[in-house]
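Here the structure is laid out as structure tokens; the discussion comes afterwards.
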Amino acid sequence: MPDHEVPLVPPVVRLANDIARQFAHLGVDEAAAAVAQHVTMFWDPRMRADLAAEIERDHTQLDPLVVAAFTSPSPR
Amino acid sequence: MTLIKEPDLGTPERPGPATVALEIDGQPVSVPEGTSVMRAAALVGVDVPKLCATDSLEPFGSCRLCLVEVEGGKGTPASCTLPCSDGMKVTTQTDKLARLRRNVMELYISDHPLDCLTCPANGDCELQDMAGVVGLRDVRYGYAGDNHLEATKDTSNPYFDFDPAKCIVCSRCVRACEEVQGTFALTISGRGFDSAVSASAGESFLDSECVSCGACVQACPTSTLQEKSVVDLGMPTRSVLTTCAYCGVGCSFKAELRGSELVRMVPYKDGGANEGHSCVKGRFAFGYASHPDRVLKPLMRENITDEWREAEWDEAIGFVARRFREIQEQHGAGAIGGITSSRTTNEEVYVVQRMVRAAFGNNNVDTCARVCHSPTGYGLKQTFGTSAGTQDFKSVDQADVMVVIGANPTDGHPVFASRMKRRLREGAQLIVVDPRRIDLVRTPHVEAAYHLQLAPGTNVAVINAMAHVVVTEGLVADDFVAERCEGFQEWADFIALPENSPEALAEITGVGADDLRAAARLYAAGPNSAIYYGLGVTEHSQGSTMVMGMANLAMATGNIGREGVGVNPLRGQNNVQGSCDMGSFPHELPGYRHVSDPSVRAIYDDLWGSTILAEPGLRIPNMFDAALDGSFRALFIQGEDVAQSDPNTQHVHAALGALDLLVVQDLFINETAKFAHVLLPGTSFLEKDGTFTNAERRINRVRPVMPPRVGKHEWQVACEIALAMGYDMHYDDAGQIMDEIAATTPTFAGVSFDLLDKVGSVQWPCNAENPTGTEIMHTKEFARGLGHFVPTPYVATTERSTRKYPLILTTGRILSQYNVGAQTRRTPNVLWHSEDVLEVHPHDAEVRGIDEGDQVTLSSRVGSTTMSVKITDRMPVGVVYMTFHHPVSGANVVTTENSDWATNCPEYKVTAVQVAKAREGLAEEHAEGALPVESAELGSRV
């Protein structure tokens, strides 16, 4: 039986980081806007609320683009 | 409907603009150049006697029954091999011809059992028919001499018998295996009197290379190759035209019955997708529909640890509705949701998504396409403007180069694979992009020009490298790009970066730069190059990116918008396309229109009396996460076995176990039903009334072969649940549901059951501009106007091999089994695949001390399971492969929560694992369900 020594993070953090990595090739503002748009288009509101709570609680596990997406004036 | 017997014109069509005019028995006829005299005769109603000829096979000229006389010509040529020519005057019936034919028939019959009255093919035997047609009254040769009447019957195949005593050595079976199926499993062994049909090298049919597609049985003019069901039950007397419920090819079949008893499924020649061909599943594996495991009455229980008890529909539906409402009152409207199925009809899916959006009052509806082709939906919509493949299957007949990426058509989509192989035998070139050496790489008379055996997870790097070659070597179709596309320059600047070159990426992908460059040049040269892809593209962390990458490459080379080209998803299940079309995704209403669009919501709100939310709902993996965090409490699952099919089994089981109410509608008590409080019996495809939409957007009728064995159609059940919840939803019949779909969905505007009954099938868009559908999309402009190039940077998956888990597992399916196996495991198909096995490279096996057939433990960071090993060099060193058809082995015990960034489609195709010889008894423990449940229920790694 395998061990599970890998660090655990809430699902929304993992999913948001996955999205951010795809837009990392863009400039910060454009990437943040793209992350925000994708999350808005495809995420249930409760997941967005969870993400917002994670940003408030501990954003060190989040890709900076995710944080930028939801703390900058980028379109939500 | 009486038994449908399609006309047989004897030889294939020879389409072409040039025609020739001739006379046959005094009747003038004009036919395309190259048409046989036999076919031309049949077209004017003159049936020339024949035995070795049939219009699905090239003419062979062996039976000598179809002789004709030609004015001014010598002898009596065979009309099947005689091409028509201008001014030809043919006579098909003279005394001389009659005498010759009788003599030929006399010889055939002299070595054929005269047991017509007790023969299973009595009434469906071309030899019998021809004996009558030629007026055979006497056989002068007795049975005293040598004959084949005592030849031993081969009954090894579970679905058909081979009785060589009845064989007339016409070679139709051999030719069908070659020309139609492309397997080349049959041959005529021996010479002269000893000539006999032989499977492989004289093996039994079961042990041979035969894939049991049924083409030989279909082609046999006698009872030599005969369905066992006909032997057992007798000849059918009526037919119902319907559509197969297995893979996304969507073959049309004649369900042939005696009374209400299904005798056999026979592929329909006019079926737009299959044109008379079939595979072992569609042709033979329908017995699950009458399997004793079928659940025919609702089952209920208070707790999932209780025993099931049978209930009446009213009680079950009342309970379900009451509990859904109670849970919503307690936990909010968004605490419940539903999952639709790609195994159900468009109409059933449409009604379930309406139930969720209108009666549940939320958008928590998703479909099993989430775990297969959701990246196709995203990627093709971003680039082309609509979420569907571009071509019809027939288009491949015009392809000069095929690129098969992450698909295994000979196993997953066998009927289309036969079509591909036919084109490849004609000279088209093949590029296979796959970590595994699939059969198509080298199969009789087919060999891939390039097999790019990439490392799992590096698809995007490979497609970018191919595009890099196209852009940097001046292979772009400039005119097409300039006229039809936008965003090219930004994309081209990105793709031309040195980091995207084959040389730079070779170390990551494992694909040699020279091969990759050559493959890219071949694709760009075409002139008609077509991409076909499967779940090896979509089920990755960059599944959506890869779909866009393929679309970019096709646009850059101008391979869109005509026959022989395109980007074509090979859909896994029969109605993946349809379930997506019908608004099953939580962010989209039918026709792929986002829920945030008020004008689209208004269409449905006006019609349904609802208030559809403008925000997306939960996707399947999100539902599981929300179930574990307590915000999602009840779920309706129609025809999907998420407990087996979805990744990270422990996580899924924990989520299902956390629900207050799980309602499953299915044929069987599947793995998911083990967590259910209510099991509503579902209908098999033989009982359904509606439509399926296949991988080529073809909408095909599914006609009821028999009434629902459970007393209700599945769409009726959804309506009754909604009604019991206080939302009035009613349809008189399935046709009325399709009428509503057509009235509200622009791409379906012209579709109706009446139209389908008239024309057979249509491919959407079917509307005022395209009243009989659209075979090829984006011919003049893209669905979104201009095709959109999207830069696709390669981002490596976070799933990496480690010292502890040094191998990469990838998964796939096998010909005889279908998905979670709920259907095919309940048929004799288990003879070919009774368990999932792990394919391991000889090197990886040797260093672990593993031998062929050993039981091994397969472990990942989320779980472990046990199975047998097959040692093979199909996989590269460091990569292992397994199928996922059996719950005992449970491939998804080891797959992880990783998913496509855009759609959450699971990353089934890349899991870091370790393989070790299993300790004794471990397999039994796993078989008894002792699966580890210790995983990351609350989260996962960064």
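Just remember, in the structure tokens the first chain shown is A, the second B, etc., residues are 1-based per chain, and ligands are 1-based in the order shown.
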Show me a table, sorted first by chain and then by increasing residue number, of the residues of chain A having an atom at most 12 Å from chain B, each with its shortest atom pair and the distance in Å to one decimal, counting only C-alpha atoms and written as JSON lines.
```
{"residue": "A:Met1", "atom": "CA", "partner": "B:Ser864", "partner_atom": "CA", "distance": 6.0}
{"residue": "A:Pro2", "atom": "CA", "partner": "B:Arg861", "partner_atom": "CA", "distance": 5.5}
{"residue": "A:Asp3", "atom": "CA", "partner": "B:Arg861", "partner_atom": "CA", "distance": 6.5}
{"residue": "A:His4", "atom": "CA", "partner": "B:Arg861", "partner_atom": "CA", "distance": 6.0}
{"residue": "A:Glu5", "atom": "CA", "partner": "B:Arg861", "partner_atom": "CA", "distance": 8.5}
{"residue": "A:Val6", "atom": "CA", "partner": "B:Arg941", "partner_atom": "CA", "distance": 5.6}
{"residue": "A:Pro7", "atom": "CA", "partner": "B:Arg941", "partner_atom": "CA", "distance": 4.9}
{"residue": "A:Leu8", "atom": "CA", "partner": "B:Ser940", "partner_atom": "CA", "distance": 4.5}
{"residue": "A:Val9", "atom": "CA", "partner": "B:Gly939", "partner_atom": "CA", "distance": 5.0}
{"residue": "A:Pro10", "atom": "CA", "partner": "B:Gly939", "partner_atom": "CA", "distance": 4.6}
{"residue": "A:Pro11", "atom": "CA", "partner": "B:Gly939", "partner_atom": "CA", "distance": 5.4}
{"residue": "A:Val12", "atom": "CA", "partner": "B:Gly939", "partner_atom": "CA", "distance": 8.9}
{"residue": "A:Val13", "atom": "CA", "partner": "B:Val942", "partner_atom": "CA", "distance": 8.0}
{"residue": "A:Arg14", "atom": "CA", "partner": "B:Val942", "partner_atom": "CA", "distance": 5.8}
{"residue": "A:Leu15", "atom": "CA", "partner": "B:Trp901", "partner_atom": "CA", "distance": 6.8}
{"residue": "A:Ala16", "atom": "CA", "partner": "B:Trp901", "partner_atom": "CA", "distance": 8.3}
{"residue": "A:Asn17", "atom": "CA", "partner": "B:Val942", "partner_atom": "CA", "distance": 8.2}
{"residue": "A:Asp18", "atom": "CA", "partner": "B:Trp901", "partner_atom": "CA", "distance": 5.2}
{"residue": "A:Ile19", "atom": "CA", "partner": "B:Trp901", "partner_atom": "CA", "distance": 5.2}
{"residue": "A:Ala20", "atom": "CA", "partner": "B:Trp901", "partner_atom": "CA", "distance": 8.8}
{"residue": "A:Arg21", "atom": "CA", "partner": "B:Val795", "partner_atom": "CA", "distance": 7.2}
{"residue": "A:Gln22", "atom": "CA", "partner": "B:Val795", "partner_atom": "CA", "distance": 6.8}
{"residue": "A:Phe23", "atom": "CA", "partner": "B:Pro793", "partner_atom": "CA", "distance": 8.6}
{"residue": "A:Ala24", "atom": "CA", "partner": "B:Pro793", "partner_atom": "CA", "distance": 9.1}
{"residue": "A:His25", "atom": "CA", "partner": "B:Pro793", "partner_atom": "CA", "distance": 7.4}
{"residue": "A:Leu26", "atom": "CA", "partner": "B:Pro791", "partner_atom": "CA", "distance": 10.1}
{"residue": "A:Ala34", "atom": "CA", "partner": "B:Ala902", "partner_atom": "CA", "distance": 11.6}
{"residue": "A:Val35", "atom": "CA", "partner": "B:Ala902", "partner_atom": "CA", "distance": 10.2}
{"residue": "A:Gln37", "atom": "CA", "partner": "B:Ala902", "partner_atom": "CA", "distance": 11.5}
{"residue": "A:His38", "atom": "CA", "partner": "B:Ala902", "partner_atom": "CA", "distance": 7.8}
{"residue": "A:Val39", "atom": "CA", "partner": "B:Ala902", "partner_atom": "CA", "distance": 9.1}
{"residue": "A:Thr40", "atom": "CA", "partner": "B:Glu615", "partner_atom": "CA", "distance": 8.3}
{"residue": "A:Met41", "atom": "CA", "partner": "B:Pro616", "partner_atom": "CA", "distance": 7.1}
{"residue": "A:Phe42", "atom": "CA", "partner": "B:Pro616", "partner_atom": "CA", "distance": 5.9}
{"residue": "A:Trp43", "atom": "CA", "partner": "B:Pro616", "partner_atom": "CA", "distance": 5.9}
{"residue": "A:Asp44", "atom": "CA", "partner": "B:Gly617", "partner_atom": "CA", "distance": 4.6}
{"residue": "A:Pro45", "atom": "CA", "partner": "B:Glu615", "partner_atom": "CA", "distance": 6.9}
{"residue": "A:Arg46", "atom": "CA", "partner": "B:Ser631", "partner_atom": "CA", "distance": 8.7}
{"residue": "A:Met47", "atom": "CA", "partner": "B:Asn622", "partner_atom": "CA", "distance": 8.2}
{"residue": "A:Arg48", "atom": "CA", "partner": "B:Pro616", "partner_atom": "CA", "distance": 10.8}
{"residue": "A:Asp50", "atom": "CA", "partner": "B:Ala626", "partner_atom": "CA", "distance": 10.5}
{"residue": "A:Thr60", "atom": "CA", "partner": "B:Val942", "partner_atom": "CA", "distance": 11.4}
{"residue": "A:Gln61", "atom": "CA", "partner": "B:Val942", "partner_atom": "CA", "distance": 7.7}
{"residue": "A:Leu62", "atom": "CA", "partner": "B:Val942", "partner_atom": "CA", "distance": 9.0}
{"residue": "A:Asp63", "atom": "CA", "partner": "B:Val942", "partner_atom": "CA", "distance": 10.2}
```
Could you name the residues that touch B:Pro444 at 7 Å or less, counting only C-alpha atoms, but leaving out those on the same chain fewer than 2 positions away, as a PyMOL selection string?
chain B and resi 183-184+442+446
Out of B:Ile776, B:Ala518, B:Val705, B:Leu809, which residue has the shortest atom-to-atom distance to B:Leu838 when counting only C-alpha atoms?
B:Leu809
Correct to one decimal, the distance atom CA of B:Glu69-atom CA of B:Pro7 is 23.8 Å
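With atom CA of B:Leu570 on one side and atom CA of B:Ala891 on the other, the separation reads 21.9 Å.
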Please list as a PyMOL selection string every residue within 8 Å of B:Ser79, counting only C-alpha atoms and excluding residues in the same chain fewer than 3 positions away.
chain B and resi 36-38+48+66-68+82-83
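The smallest atom-to-atom distance between B:Val879 and any of B:Asn700, B:Asn147, B:Ser801, B:Thr242, using only C-alpha atoms, is found for B:Ser801.
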Go through stretch 608-776 of chain B and collect every residue that DSSP, computed from the backbone, puts in strand (DSSP E); the answer should be as a compact mmCIF listing (two decimals) with C-alpha atoms, in the first residue's frame.
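This is the output file selection.txt:
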```txt
# COMPACT_ATOMS: atom_id res chain seq x y z
CA ALA B 634 -27.62 14.26 -3.27
CA LEU B 635 -27.03 13.01 -6.79
CA PHE B 636 -29.00 11.42 -9.62
CA ILE B 637 -26.79 9.33 -11.91
CA GLN B 638 -28.20 8.07 -15.16
CA LEU B 661 -29.06 10.43 -1.22
CA LEU B 662 -27.68 8.68 -4.27
CA VAL B 663 -30.13 7.68 -7.00
CA VAL B 664 -28.76 5.47 -9.75
CA GLN B 665 -30.59 4.54 -12.91
CA ASP B 666 -28.96 1.61 -14.64
CA VAL B 678 -32.43 4.04 -4.78
CA LEU B 679 -31.78 2.08 -7.94
CA LEU B 680 -34.17 2.87 -10.75
CA PRO B 681 -34.12 0.26 -13.49
CA GLY B 690 -35.02 8.18 -29.64
CA THR B 691 -31.76 9.14 -31.31
CA PHE B 692 -28.02 8.75 -30.85
CA THR B 693 -25.49 11.16 -32.36
CA ARG B 698 -24.74 11.79 -37.39
CA ILE B 699 -28.15 11.67 -35.74
CA ASN B 700 -29.50 8.16 -36.06
CA ARG B 701 -32.80 6.72 -34.93
CA VAL B 702 -32.87 4.28 -32.05
CA SER B 761 -29.83 9.87 -40.73
CA VAL B 762 -28.57 13.44 -40.81
CA GLN B 763 -25.44 15.13 -39.55
```
Would you pick out the contacts of B:Leu225 at 7 Å or less, using only C-alpha atoms, so that residues sharing its chain but fewer than 6 positions from it are not included, and give the list as a ChimeraX atom specification?
/B:160-163,217
Residues from last step as file, N, CA and C atoms, as an mmCIF file, in the first residue's frame:
```cif
data_model
loop_
_atom_site.group_PDB
_atom_site.id
_atom_site.type_symbol
_atom_site.label_atom_id
_atom_site.label_comp_id
_atom_site.auth_asym_id
_atom_site.auth_seq_id
_atom_site.Cartn_x
_atom_site.Cartn_y
_atom_site.Cartn_z
ATOM 1 N N PHE B 160 -20.868 -17.945 -33.680
ATOM 2 C CA PHE B 160 -21.241 -18.563 -34.960
ATOM 3 C C PHE B 160 -20.509 -19.883 -35.142
ATOM 4 N N ASP B 161 -21.123 -20.739 -35.951
ATOM 5 C CA ASP B 161 -20.534 -22.047 -36.278
ATOM 6 C C ASP B 161 -19.947 -21.999 -37.675
ATOM 7 N N PHE B 162 -18.946 -22.837 -37.876
ATOM 8 C CA PHE B 162 -18.393 -23.016 -39.220
ATOM 9 C C PHE B 162 -18.566 -24.478 -39.597
ATOM 10 N N ASP B 163 -19.397 -24.716 -40.598
ATOM 11 C CA ASP B 163 -19.693 -26.083 -41.028
ATOM 12 C C ASP B 163 -19.133 -26.286 -42.436
ATOM 13 N N VAL B 217 -19.678 -14.123 -41.806
ATOM 14 C CA VAL B 217 -21.010 -14.715 -41.626
ATOM 15 C C VAL B 217 -21.999 -13.993 -42.533
#
```
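Of the listed residues B:Gly561, B:Gly787, B:Pro456, B:Gly639, the one whose atoms come nearest to B:Val537 is B:Pro456, with distances taken using only C-alpha atoms.
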